[in-house]
>>> print(open('entry_26.cif').read())   # mmCIF, C-alpha atoms and all ligand atoms
data_query
#
loop_
_atom_site.label_atom_id
_atom_site.label_comp_id
_atom_site.auth_asym_id
_atom_site.auth_seq_id
_atom_site.Cartn_x
_atom_site.Cartn_y
_atom_site.Cartn_z
CA MET R 30 0.00 0.00 0.00
CA VAL R 31 1.17 3.49 -0.82
CA GLN R 32 2.04 5.70 2.08
CA PHE R 33 2.84 9.25 1.06
CA ASP R 34 5.82 11.03 2.47
CA LYS R 35 4.87 14.46 3.80
CA ASP R 36 8.19 15.96 2.74
CA LYS R 37 7.78 15.07 -0.90
CA LYS R 38 5.99 17.17 -3.46
CA ILE R 39 2.77 15.96 -5.02
CA ILE R 40 2.42 15.14 -8.69
CA PHE R 41 -0.93 14.57 -10.37
CA SER R 42 -1.50 13.53 -13.93
CA GLY R 43 -4.34 12.01 -15.88
CA ILE R 44 -4.63 10.02 -19.04
CA GLN R 45 -7.81 9.23 -20.93
CA PRO R 46 -8.83 5.60 -21.33
CA SER R 47 -10.39 6.47 -24.65
CA GLY R 48 -8.03 4.66 -26.95
CA GLU R 49 -5.08 2.40 -26.68
CA PHE R 50 -1.75 3.86 -25.65
CA THR R 51 0.70 4.68 -28.39
CA ILE R 52 4.45 4.94 -28.12
CA GLY R 53 3.80 8.69 -28.09
CA ASN R 54 2.00 8.27 -24.77
CA TYR R 55 4.72 5.93 -23.60
CA TYR R 56 7.77 8.00 -24.43
CA GLY R 57 6.05 11.31 -23.83
CA ALA R 58 4.12 10.72 -20.64
CA ILE R 59 4.23 7.25 -19.12
CA LYS R 60 8.01 7.03 -18.92
CA ASN R 61 8.09 10.32 -17.07
CA TRP R 62 5.42 9.04 -14.73
CA VAL R 63 7.54 6.02 -13.92
CA ALA R 64 10.68 8.08 -13.42
CA THR R 65 9.06 10.55 -11.03
CA GLN R 66 7.62 8.00 -8.61
CA GLU R 67 10.89 7.83 -6.71
CA GLU R 68 11.09 11.50 -5.89
CA TYR R 69 7.49 12.60 -5.61
CA ASN R 70 4.19 11.48 -4.19
CA CYS R 71 2.57 10.52 -7.46
CA ILE R 72 -1.13 10.31 -8.21
CA TYR R 73 -2.13 8.96 -11.61
CA SER R 74 -5.66 8.68 -12.83
CA LEU R 75 -7.44 7.09 -15.76
CA VAL R 76 -9.80 9.95 -16.46
CA ASP R 77 -12.98 8.27 -17.62
CA LEU R 78 -15.14 11.28 -16.76
CA HIS R 79 -13.11 13.19 -19.31
CA ALA R 80 -13.36 10.36 -21.81
CA ILE R 81 -17.16 10.61 -22.00
CA THR R 82 -16.99 14.21 -23.20
CA VAL R 83 -17.07 12.47 -26.57
CA LEU R 84 -19.39 9.54 -27.16
CA GLN R 85 -17.85 6.22 -26.09
CA ASP R 86 -18.92 2.67 -26.68
CA PRO R 87 -19.64 1.46 -23.11
CA ALA R 88 -18.13 -2.03 -23.45
CA THR R 89 -15.00 -0.65 -25.08
CA LEU R 90 -14.55 2.07 -22.49
CA ARG R 91 -14.87 -0.48 -19.69
CA LYS R 92 -12.38 -2.86 -21.28
CA ARG R 93 -9.87 -0.15 -22.10
CA THR R 94 -9.95 1.28 -18.62
CA PHE R 95 -8.93 -2.08 -17.20
CA GLU R 96 -6.34 -2.75 -19.88
CA GLU R 97 -4.79 0.66 -19.57
CA ALA R 98 -4.44 0.20 -15.83
CA ALA R 99 -2.70 -3.09 -16.54
CA ILE R 100 -0.40 -1.59 -19.13
CA LEU R 101 0.57 1.25 -16.81
CA ILE R 102 1.54 -1.26 -14.15
CA ALA R 103 3.37 -3.32 -16.77
CA ALA R 104 5.25 -0.20 -17.88
CA GLY R 105 6.53 0.35 -14.37
CA ILE R 106 3.98 2.31 -12.35
CA ASP R 107 4.62 0.74 -8.97
CA PRO R 108 1.49 0.38 -6.82
CA GLU R 109 3.69 0.46 -3.74
CA LYS R 110 4.90 3.93 -4.65
CA ALA R 111 2.22 5.67 -6.70
CA LEU R 112 -1.55 5.84 -6.70
CA LEU R 113 -3.25 4.56 -9.82
CA PHE R 114 -7.00 4.87 -9.86
CA VAL R 115 -10.02 5.39 -12.08
CA GLN R 116 -11.36 8.95 -11.87
CA SER R 117 -15.03 7.95 -11.59
CA HIS R 118 -14.20 5.81 -8.53
CA VAL R 119 -13.46 8.96 -6.56
CA SER R 120 -16.65 11.00 -6.53
CA ALA R 121 -14.87 14.07 -5.20
CA HIS R 122 -13.73 14.83 -8.78
CA ALA R 123 -17.25 15.33 -10.06
CA GLU R 124 -18.26 17.19 -6.90
CA LEU R 125 -15.40 19.66 -6.97
CA GLY R 126 -15.83 19.95 -10.73
CA TRP R 127 -19.37 21.19 -10.18
CA ILE R 128 -18.38 23.64 -7.49
CA LEU R 129 -15.56 25.05 -9.62
CA ASN R 130 -18.01 25.52 -12.49
CA CYS R 131 -19.49 28.19 -10.35
CA TYR R 132 -16.13 29.94 -10.19
CA SER R 133 -15.32 29.74 -13.90
CA TYR R 134 -16.39 31.98 -16.74
CA MET R 135 -17.89 31.26 -20.14
CA GLY R 136 -15.34 33.63 -21.66
CA GLU R 137 -12.27 31.84 -20.39
CA LEU R 138 -13.61 28.44 -21.40
CA SER R 139 -14.57 29.76 -24.84
CA ARG R 140 -10.95 30.73 -25.37
CA MET R 141 -9.58 27.21 -24.87
CA THR R 142 -7.90 26.22 -28.14
CA GLN R 143 -8.56 22.51 -27.64
CA PHE R 144 -12.28 23.19 -27.37
CA LYS R 145 -12.16 25.43 -30.42
CA ASP R 146 -10.27 22.79 -32.42
CA LYS R 147 -12.59 20.01 -31.39
CA THR R 148 -15.70 21.96 -32.30
CA ALA R 149 -14.43 23.70 -35.42
CA LYS R 150 -16.37 21.33 -37.66
CA ALA R 151 -19.60 21.36 -35.67
CA SER R 152 -22.50 22.74 -37.66
CA SER R 153 -24.14 24.42 -34.65
CA ASN R 154 -24.08 24.61 -30.86
CA ASP R 155 -26.78 21.96 -30.83
CA SER R 156 -24.18 19.31 -31.58
CA ILE R 157 -21.56 20.49 -29.07
CA ARG R 158 -21.66 18.76 -25.72
CA VAL R 159 -21.50 20.92 -22.61
CA GLY R 160 -19.09 18.37 -21.12
CA LEU R 161 -16.59 19.10 -23.85
CA PHE R 162 -16.83 22.80 -23.11
CA ASP R 163 -16.48 22.18 -19.40
CA TYR R 164 -13.65 19.65 -19.69
CA PRO R 165 -10.94 22.04 -18.42
CA VAL R 166 -12.86 22.78 -15.22
CA LEU R 167 -13.02 19.08 -14.38
CA MET R 168 -9.32 18.91 -15.11
CA ALA R 169 -8.76 21.77 -12.68
CA ALA R 170 -10.74 19.85 -10.06
CA ASP R 171 -8.57 16.75 -10.63
CA ILE R 172 -5.46 18.73 -9.96
CA LEU R 173 -6.63 20.99 -7.15
CA LEU R 174 -8.21 18.21 -5.08
CA TYR R 175 -4.81 16.80 -4.17
CA GLN R 176 -2.99 20.06 -3.39
CA THR R 177 -0.84 19.16 -6.37
CA ASP R 178 2.52 20.89 -6.72
CA VAL R 179 3.50 19.67 -10.17
CA VAL R 180 1.47 18.53 -13.18
CA PRO R 181 3.42 16.70 -15.88
CA VAL R 182 1.54 17.06 -19.16
CA GLY R 183 2.11 17.62 -22.84
CA ILE R 184 2.47 21.15 -24.09
CA ASP R 185 -1.03 20.86 -25.62
CA GLN R 186 -2.40 20.95 -22.07
CA LYS R 187 -0.62 24.14 -21.07
CA GLN R 188 -3.65 26.35 -21.51
CA HIS R 189 -5.76 23.99 -19.38
CA LEU R 190 -3.17 24.11 -16.67
CA GLU R 191 -3.13 27.91 -16.73
CA LEU R 192 -6.88 27.82 -16.24
CA ALA R 193 -6.49 25.52 -13.23
CA ARG R 194 -4.04 28.02 -11.77
CA ASP R 195 -6.40 30.92 -12.42
CA ILE R 196 -9.32 29.13 -10.78
CA ALA R 197 -7.17 28.21 -7.78
CA GLN R 198 -6.01 31.78 -7.34
CA ARG R 199 -9.49 33.15 -7.78
CA PHE R 200 -10.91 30.82 -5.15
CA ASN R 201 -8.05 31.48 -2.74
CA GLN R 202 -8.59 35.20 -3.13
CA GLN R 203 -12.35 35.04 -2.75
CA TYR R 204 -12.10 33.06 0.50
CA SER R 205 -8.71 32.22 2.00
CA PRO R 206 -5.82 30.01 0.89
CA THR R 207 -7.44 26.71 -0.01
CA PHE R 208 -5.63 25.31 -3.02
CA VAL R 209 -1.97 24.98 -3.86
CA VAL R 210 -1.42 26.77 -7.17
CA PRO R 211 0.13 24.03 -9.32
CA GLU R 212 3.08 24.29 -11.67
CA GLY R 213 3.14 22.59 -15.05
CA TYR R 214 5.95 20.35 -16.09
CA PHE R 215 6.15 20.06 -19.84
CA GLY R 216 8.64 17.22 -20.11
CA THR R 217 11.56 17.42 -22.44
CA SER R 218 12.57 14.03 -23.80
CA GLY R 219 10.05 12.15 -25.85
CA ALA R 220 7.34 14.73 -25.49
CA LYS R 221 7.48 15.22 -29.22
CA ILE R 222 6.74 11.86 -30.85
CA ASN R 223 4.88 12.63 -34.05
CA SER R 224 2.71 10.72 -36.48
CA LEU R 225 4.48 8.29 -38.82
CA ALA R 226 2.18 9.31 -41.66
CA ASN R 227 2.24 13.05 -41.12
CA PRO R 228 5.37 13.79 -39.10
CA GLU R 229 4.43 17.40 -38.55
CA LYS R 230 1.48 16.31 -36.40
CA LYS R 231 1.52 14.75 -32.93
CA MET R 232 1.14 10.95 -32.92
CA SER R 233 -2.44 10.27 -31.92
CA LYS R 234 -4.35 7.10 -31.17
CA SER R 235 -7.43 8.63 -32.73
CA ASP R 236 -5.76 9.08 -36.12
CA GLU R 237 -7.88 7.55 -38.90
CA ASN R 238 -4.76 6.19 -40.52
CA GLU R 239 -3.63 3.15 -38.51
CA ASN R 240 -0.14 3.41 -39.91
CA ALA R 241 0.28 6.81 -38.28
CA PHE R 242 0.74 5.39 -34.79
CA ILE R 243 2.39 2.49 -32.99
CA LEU R 244 0.41 1.03 -30.13
CA MET R 245 2.19 -0.26 -27.04
CA LYS R 246 0.36 -3.54 -27.71
CA ASP R 247 1.25 -3.83 -31.40
CA THR R 248 2.86 -7.12 -32.44
CA PRO R 249 6.43 -7.09 -33.80
CA ASP R 250 5.13 -7.65 -37.32
CA ARG R 251 2.75 -4.74 -37.16
CA ILE R 252 5.48 -2.53 -35.77
CA ARG R 253 7.84 -3.50 -38.61
CA ASN R 254 5.16 -2.87 -41.23
CA LYS R 255 4.22 0.50 -39.85
CA PHE R 256 7.80 1.71 -39.68
CA LYS R 257 8.40 0.48 -43.22
CA ARG R 258 5.58 2.74 -44.35
CA ALA R 259 6.70 5.73 -42.29
CA VAL R 260 6.85 8.93 -44.30
CA THR R 261 10.36 10.30 -44.86
CA ASP R 262 11.52 12.63 -47.63
CA SER R 263 13.07 12.49 -51.08
CA GLU R 264 16.63 13.03 -49.89
CA THR R 265 18.87 10.21 -48.69
CA GLU R 266 20.62 11.80 -45.76
CA ILE R 267 19.92 10.86 -42.16
CA ARG R 268 20.24 13.89 -39.91
CA TYR R 269 18.19 15.62 -37.24
CA ASP R 270 16.39 18.65 -38.61
CA ARG R 271 12.80 18.98 -37.40
CA GLU R 272 12.00 21.76 -39.78
CA ASN R 273 13.26 20.39 -43.07
CA LYS R 274 13.30 16.67 -42.31
CA PRO R 275 10.36 16.05 -40.00
CA GLY R 276 9.98 12.35 -40.89
CA ILE R 277 13.61 11.35 -40.36
CA SER R 278 13.87 13.55 -37.26
CA ASN R 279 10.81 11.90 -35.76
CA LEU R 280 12.31 8.46 -36.37
CA LEU R 281 15.58 9.57 -34.76
CA GLU R 282 13.60 10.83 -31.79
CA ILE R 283 11.81 7.49 -31.45
CA TYR R 284 15.07 5.57 -31.76
CA SER R 285 16.72 7.72 -29.11
CA CYS R 286 13.81 7.07 -26.71
CA ALA R 287 13.74 3.32 -27.34
CA LYS R 288 17.50 2.91 -27.04
CA ARG R 289 17.97 5.53 -24.33
CA VAL R 290 20.63 7.35 -26.31
CA SER R 291 20.81 11.01 -27.24
CA ILE R 292 19.51 12.19 -30.59
CA GLU R 293 23.05 13.18 -31.57
CA GLU R 294 24.27 9.65 -30.86
CA ALA R 295 21.39 8.21 -32.85
CA ALA R 296 22.08 10.49 -35.81
CA LYS R 297 25.77 9.60 -35.70
CA GLU R 298 25.02 5.89 -35.64
CA PHE R 299 23.00 6.10 -38.88
CA GLU R 300 25.02 8.77 -40.63
CA ASN R 301 25.98 6.45 -43.49
CA GLU R 302 22.91 4.23 -43.51
CA ASN R 303 20.07 4.20 -46.05
CA TYR R 304 16.48 5.00 -45.11
CA GLY R 305 15.28 1.41 -45.44
CA ASN R 306 17.79 -0.04 -43.02
CA PHE R 307 17.34 2.87 -40.67
CA LYS R 308 13.59 2.29 -40.49
CA LEU R 309 14.15 -1.37 -39.76
CA ALA R 310 16.57 -0.53 -36.97
CA VAL R 311 14.05 1.86 -35.43
CA ALA R 312 11.40 -0.85 -35.61
CA GLU R 313 13.66 -3.41 -33.91
CA ALA R 314 14.59 -0.92 -31.16
CA VAL R 315 10.92 -0.26 -30.41
CA ILE R 316 10.03 -3.97 -30.51
CA GLU R 317 12.80 -4.76 -28.06
CA ASP R 318 11.89 -1.91 -25.75
CA LEU R 319 8.19 -2.88 -25.65
CA LYS R 320 8.74 -6.63 -25.25
CA PRO R 321 9.08 -6.77 -21.42
CA ILE R 322 6.04 -4.51 -21.04
CA GLN R 323 3.97 -6.63 -23.39
CA ASP R 324 4.99 -9.81 -21.54
CA LYS R 325 4.10 -8.32 -18.18
CA PHE R 326 0.83 -6.99 -19.57
CA ALA R 327 -0.13 -10.48 -20.80
CA GLU R 328 0.44 -11.79 -17.25
CA LEU R 329 -1.53 -8.98 -15.59
CA VAL R 330 -4.54 -9.45 -17.85
CA LYS R 331 -4.81 -12.91 -16.33
CA GLU R 332 -4.55 -11.47 -12.82
CA LYS R 333 -7.60 -9.31 -12.90
CA GLU R 334 -8.03 -9.45 -9.12
CA TYR R 335 -4.60 -8.05 -8.54
CA VAL R 336 -5.19 -5.11 -10.89
CA ASN R 337 -8.60 -4.50 -9.30
CA LYS R 338 -7.05 -4.51 -5.85
CA VAL R 339 -4.52 -1.87 -6.91
CA LEU R 340 -7.27 0.30 -8.40
CA LYS R 341 -9.49 -0.10 -5.36
CA GLU R 342 -6.83 0.62 -2.74
CA SER R 343 -5.60 3.59 -4.72
CA ALA R 344 -9.12 4.98 -5.09
CA ASP R 345 -9.67 4.60 -1.33
CA TYR R 346 -6.53 6.51 -0.49
CA ALA R 347 -7.20 9.09 -3.21
CA SER R 348 -10.72 9.60 -1.80
CA TYR R 349 -9.30 10.16 1.64
CA LEU R 350 -6.90 12.81 0.31
CA ALA R 351 -9.44 14.41 -2.02
CA ASN R 352 -12.13 14.68 0.64
CA LYS R 353 -9.84 16.64 2.90
CA THR R 354 -9.76 19.38 0.25
CA LEU R 355 -13.41 18.97 -0.72
CA ASP R 356 -14.57 19.33 2.90
CA LYS R 357 -12.64 22.59 3.19
CA VAL R 358 -14.14 23.87 -0.05
CA LYS R 359 -17.66 23.01 1.03
CA ARG R 360 -17.16 24.80 4.31
CA LYS R 361 -15.76 27.89 2.61
CA VAL R 362 -18.56 28.23 0.10
CA GLY R 363 -21.09 27.92 2.89
CA PHE R 364 -22.59 24.47 2.62
CA TYR R 365 -24.38 23.32 5.74
CA SER R 366 -22.82 20.32 7.46
CA THR R 367 -24.20 18.01 10.14
CA LYS R 368 -20.69 17.11 11.30
N1 LIG R 401 -6.59 16.59 -20.42
C1 LIG R 401 -5.51 15.67 -20.22
C2 LIG R 401 -5.05 15.13 -21.57
O1 LIG R 401 -5.86 14.96 -22.45
C3 LIG R 401 -5.89 14.54 -19.33
C4 LIG R 401 -6.16 15.01 -17.94
C5 LIG R 401 -7.35 15.06 -17.30
C6 LIG R 401 -5.19 15.52 -17.04
N2 LIG R 401 -7.19 15.52 -16.03
C7 LIG R 401 -5.90 15.84 -15.85
C8 LIG R 401 -3.82 15.75 -17.13
C9 LIG R 401 -5.24 16.40 -14.76
C10 LIG R 401 -3.19 16.30 -16.04
C11 LIG R 401 -3.90 16.63 -14.86
O2 LIG R 401 -3.89 14.85 -21.73
#
>>> encode(input="entry_26.cif", output="structure tokens", more="lines below")
Ligand code: TRP
Amino acid sequence: MVQFDKDKKIIFSGIQPSGEFTIGNYYGAIKNWVATQEEYNCIYSLVDLHAITVLQDPATLRKRTFEEAAILIAAGIDPEKALLFVQSHVSAHAELGWILNCYSYMGELSRMTQFKDKTAKASSNDSIRVGLFDYPVLMAADILLYQTDVVPVGIDQKQHLELARDIAQRFNQQYSPTFVVPEGYFGTSGAKINSLANPEKKMSKSDENENAFILMKDTPDRIRNKFKRAVTDSETEIRYDRENKPGISNLLEIYSCAKRVSIEEAAKEFENENYGNFKLAVAEAVIEDLKPIQDKFAELVKEKEYVNKVLKESADYASYLANKTLDKVKRKVGFYSTK
């Protein structure tokens, strides 16, 4: 069982169980999550309340939530060190989310670029879900409930994090210090894994083109095939240049993550190699790096009770922590209590 150390800072991060994890999630986020568990009190959540801001197939959502928990454990999230729970198991998230709605403004939510991007194609407001609009407030609740010091997220979440900070400050000012104002941590290495089909775009599990992403669960053959098809350029030279050679640079980035070498070292290693062999080498590096995780995942899927126990114990401890903040908030806003 996790026992948090009072002297350590608190990290919170969330990941949506709305698709399968790609190597972009792995090298960008999950690896950081694993690395930080030694130094921080880490709280990681599978944010299913966020996932339903777009329509989900119920059976798939349920299955993915379990499998993603298993893959996170397989990738090295240690249930003795970090909390790993499902957001909807801790009702304080929805409760604080509601309360914070009442301290957030239409204007600031309307300015969120993710919301604007996701609704750009909508024909009218009648097809835009309120949950999608409100998504960042729930995210603020996730973070603020745990008096989080640091939030490791991709750069695409920066604006959401700023909003969480604004809401925290606003609430603290309106009443008295209640929330820690969290800092973002926009990781360096691996945060930039792009699509194999369109290397100027972030790798995404929701890409229509299956060859654009590598899943953590992909078989070696699939991985080889996808890398073979990866978009490069019409030159022949292997060098790191994000601007002019996005495809090759992305592959170098992936190789450097999988092999744990610097990009310079990777570029040097393939200096005189042709594109075909280089792609194969990247594929083999990824296959080798994922193998132990895939093996462990296969074991965990058979140990459903163990995974459930981790999720349950984590949710219990998370609830205990979250309710300390929620009780304070309720008192400050003036809710009557029988306690
Ligand atoms: N919005 C985040 C993403 O899509 C996921 C998320 C939800 C999150 N709640 C969070 C991340 C709280 C950090 C902290 O990546």
>>> residues_near_ligand(input="entry_26.cif", ligand="ligand LIG 401 (chain R)", cutoff="6 Å", atoms="all atoms listed in the file", output="VMD selection string")
chain R and resid 41 to 45 76 168 171 to 172 180 182
>>> residues_around(input="entry_26.cif", residues="Asp345 of chain R", least_positions_apart="4", cutoff="8 Å", atoms="all atoms listed in the file", output="JSON, numbers by chain")
{"R": [119, 341, 349]}
>>> closest_residue(input="entry_26.cif", among="R:Val362, R:Leu174, R:Val311, R:Gln188", to="Ile252 of chain R", atoms="only C-alpha atoms")
R:Val311
>>> closest_atom_pairs(input="entry_26.cif", of="segment 104-134 of chain R", to="segment 142-164 of chain R", cutoff="10 Å", atoms="all atoms listed in the file", output="Markdown table")
| residue | atom | partner | partner_atom | distance |
| --- | --- | --- | --- | --- |
| R:Gly126 | CA | R:Asp163 | CA | 9.0 |
| R:Trp127 | CA | R:Asp163 | CA | 9.7 |
| R:Asn130 | CA | R:Asp163 | CA | 7.8 |
| R:Ser133 | CA | R:Asp163 | CA | 9.4 |
>>> closest_residue(input="entry_26.cif", among="R:Ser278, R:Lys35, R:Thr265, R:Arg271", to="Tyr304 of chain R", atoms="only C-alpha atoms")
R:Thr265
>>> residues_around(input="entry_26.cif", residues="segment 267-269 of chain R", least_positions_apart="4", cutoff="7 Å", atoms="only C-alpha atoms", output="list in words")
Ile277, Ser278, Ala296, Phe299 and Glu300 of chain R
>>> closest_atom_pairs(input="entry_26.cif", of="segment 259-367 of chain R", to="segment 84-101 of chain R", cutoff="8 Å", atoms="only C-alpha atoms", output="JSON lines")
{"residue": "R:Ile322", "atom": "CA", "partner": "R:Ile100", "partner_atom": "CA", "distance": 7.3}
{"residue": "R:Gln323", "atom": "CA", "partner": "R:Ile100", "partner_atom": "CA", "distance": 7.9}
{"residue": "R:Phe326", "atom": "CA", "partner": "R:Ile100", "partner_atom": "CA", "distance": 5.6}
{"residue": "R:Leu329", "atom": "CA", "partner": "R:Ala99", "partner_atom": "CA", "distance": 6.1}
{"residue": "R:Val330", "atom": "CA", "partner": "R:Ala99", "partner_atom": "CA", "distance": 6.7}
{"residue": "R:Val336", "atom": "CA", "partner": "R:Ala99", "partner_atom": "CA", "distance": 6.5}
{"residue": "R:Leu340", "atom": "CA", "partner": "R:Ala98", "partner_atom": "CA", "distance": 8.0}
>>> closest_residue(input="entry_26.cif", among="R:Ala241, R:Leu138, R:Ala312, R:Ala226", to="Val260 of chain R", atoms="all atoms listed in the file")
R:Ala226
>>> closest_residue(input="entry_26.cif", among="R:Lys246, R:Pro275, R:Gly183, R:Glu264", to="Lys230 of chain R", atoms="all atoms listed in the file")
R:Pro275
>>> closest_residue(input="entry_26.cif", among="R:Lys353, R:Ser366, R:Glu332, R:Glu298", to="Ser285 of chain R", atoms="only C-alpha atoms")
R:Glu298
>>> atom_distance(input="entry_26.cif", atom1="atom CA of Asp107 of chain R", atom2="atom CA of Pro181 of chain R")
17.4 Å
>>> residues_around(input="entry_26.cif", residues="Glu229 of chain R", least_positions_apart="2", cutoff="10 Å", atoms="all atoms listed in the file", output="PyMOL selection string")
chain R and resi 222-227+231-232+271-272+274-276+279
>>> closest_residue(input="entry_26.cif", among="R:Ala121, R:Lys357, R:Leu78, R:Ser139", to="Pro206 of chain R", atoms="all atoms listed in the file")
R:Lys357
>>> atom_distance(input="entry_26.cif", atom1="atom CA of Tyr69 of chain R", atom2="atom CA of Gln186 of chain R")
20.9 Å
>>> residues_near_point(input="entry_26.cif", point="(1.6, 19.3, -2.5)", cutoff="10 Å", atoms="all atoms listed in the file", output="PyMOL selection string")
chain R and resi 35-41+69-70+173+175-179+208-211
>>> residues_near_point(input="entry_26.cif", point="(-12.9, 32.6, -10.2)", cutoff="7 Å", atoms="only C-alpha atoms", output="ChimeraX atom specification")
/R:132-133,196,199-200
>>> build_atoms(input="entry_26.cif", residues="segment 102-114 of chain R", atoms="N, CA, C and O atoms", output="PDB file, in the coordinates of the input")
ATOM      1  N   ILE R 102       0.792  -0.483 -15.144  1.00  0.00           N
ATOM      2  CA  ILE R 102       1.540  -1.260 -14.150  1.00  0.00           C
ATOM      3  C   ILE R 102       2.680  -2.011 -14.852  1.00  0.00           C
ATOM      4  O   ILE R 102       3.818  -2.019 -14.392  1.00  0.00           O
ATOM      5  N   ALA R 103       2.347  -2.584 -16.017  1.00  0.00           N
ATOM      6  CA  ALA R 103       3.370  -3.320 -16.770  1.00  0.00           C
ATOM      7  C   ALA R 103       4.525  -2.401 -17.180  1.00  0.00           C
ATOM      8  O   ALA R 103       5.682  -2.815 -17.226  1.00  0.00           O
ATOM      9  N   ALA R 104       4.203  -1.138 -17.445  1.00  0.00           N
ATOM     10  CA  ALA R 104       5.250  -0.200 -17.880  1.00  0.00           C
ATOM     11  C   ALA R 104       6.083   0.324 -16.728  1.00  0.00           C
ATOM     12  O   ALA R 104       7.051   1.047 -16.944  1.00  0.00           O
ATOM     13  N   GLY R 105       5.678  -0.023 -15.504  1.00  0.00           N
ATOM     14  CA  GLY R 105       6.530   0.350 -14.370  1.00  0.00           C
ATOM     15  C   GLY R 105       5.898   1.238 -13.322  1.00  0.00           C
ATOM     16  O   GLY R 105       6.563   1.637 -12.368  1.00  0.00           O
ATOM     17  N   ILE R 106       4.627   1.587 -13.454  1.00  0.00           N
ATOM     18  CA  ILE R 106       3.980   2.310 -12.350  1.00  0.00           C
ATOM     19  C   ILE R 106       3.892   1.309 -11.201  1.00  0.00           C
ATOM     20  O   ILE R 106       3.311   0.232 -11.338  1.00  0.00           O
ATOM     21  N   ASP R 107       4.491   1.674 -10.091  1.00  0.00           N
ATOM     22  CA  ASP R 107       4.620   0.740  -8.970  1.00  0.00           C
ATOM     23  C   ASP R 107       3.546   1.039  -7.920  1.00  0.00           C
ATOM     24  O   ASP R 107       3.573   2.090  -7.281  1.00  0.00           O
ATOM     25  N   PRO R 108       2.602   0.126  -7.757  1.00  0.00           N
ATOM     26  CA  PRO R 108       1.490   0.380  -6.820  1.00  0.00           C
ATOM     27  C   PRO R 108       1.935   0.538  -5.362  1.00  0.00           C
ATOM     28  O   PRO R 108       1.143   0.976  -4.536  1.00  0.00           O
ATOM     29  N   GLU R 109       3.175   0.225  -5.090  1.00  0.00           N
ATOM     30  CA  GLU R 109       3.690   0.460  -3.740  1.00  0.00           C
ATOM     31  C   GLU R 109       4.145   1.913  -3.584  1.00  0.00           C
ATOM     32  O   GLU R 109       4.357   2.400  -2.480  1.00  0.00           O
ATOM     33  N   LYS R 110       4.344   2.569  -4.710  1.00  0.00           N
ATOM     34  CA  LYS R 110       4.900   3.930  -4.650  1.00  0.00           C
ATOM     35  C   LYS R 110       3.921   4.987  -5.110  1.00  0.00           C
ATOM     36  O   LYS R 110       3.935   6.113  -4.610  1.00  0.00           O
ATOM     37  N   ALA R 111       3.109   4.660  -6.109  1.00  0.00           N
ATOM     38  CA  ALA R 111       2.220   5.670  -6.700  1.00  0.00           C
ATOM     39  C   ALA R 111       0.774   5.212  -6.618  1.00  0.00           C
ATOM     40  O   ALA R 111       0.501   4.019  -6.565  1.00  0.00           O
ATOM     41  N   LEU R 112      -0.132   6.187  -6.625  1.00  0.00           N
ATOM     42  CA  LEU R 112      -1.550   5.840  -6.700  1.00  0.00           C
ATOM     43  C   LEU R 112      -1.953   5.734  -8.159  1.00  0.00           C
ATOM     44  O   LEU R 112      -1.536   6.551  -8.981  1.00  0.00           O
ATOM     45  N   LEU R 113      -2.731   4.733  -8.456  1.00  0.00           N
ATOM     46  CA  LEU R 113      -3.250   4.560  -9.820  1.00  0.00           C
ATOM     47  C   LEU R 113      -4.722   4.193  -9.682  1.00  0.00           C
ATOM     48  O   LEU R 113      -5.052   3.110  -9.184  1.00  0.00           O
ATOM     49  N   PHE R 114      -5.575   5.131 -10.073  1.00  0.00           N
ATOM     50  CA  PHE R 114      -7.000   4.870  -9.860  1.00  0.00           C
ATOM     51  C   PHE R 114      -7.828   5.397 -11.025  1.00  0.00           C
ATOM     52  O   PHE R 114      -7.351   6.174 -11.853  1.00  0.00           O
TER      53      PHE R 114
END
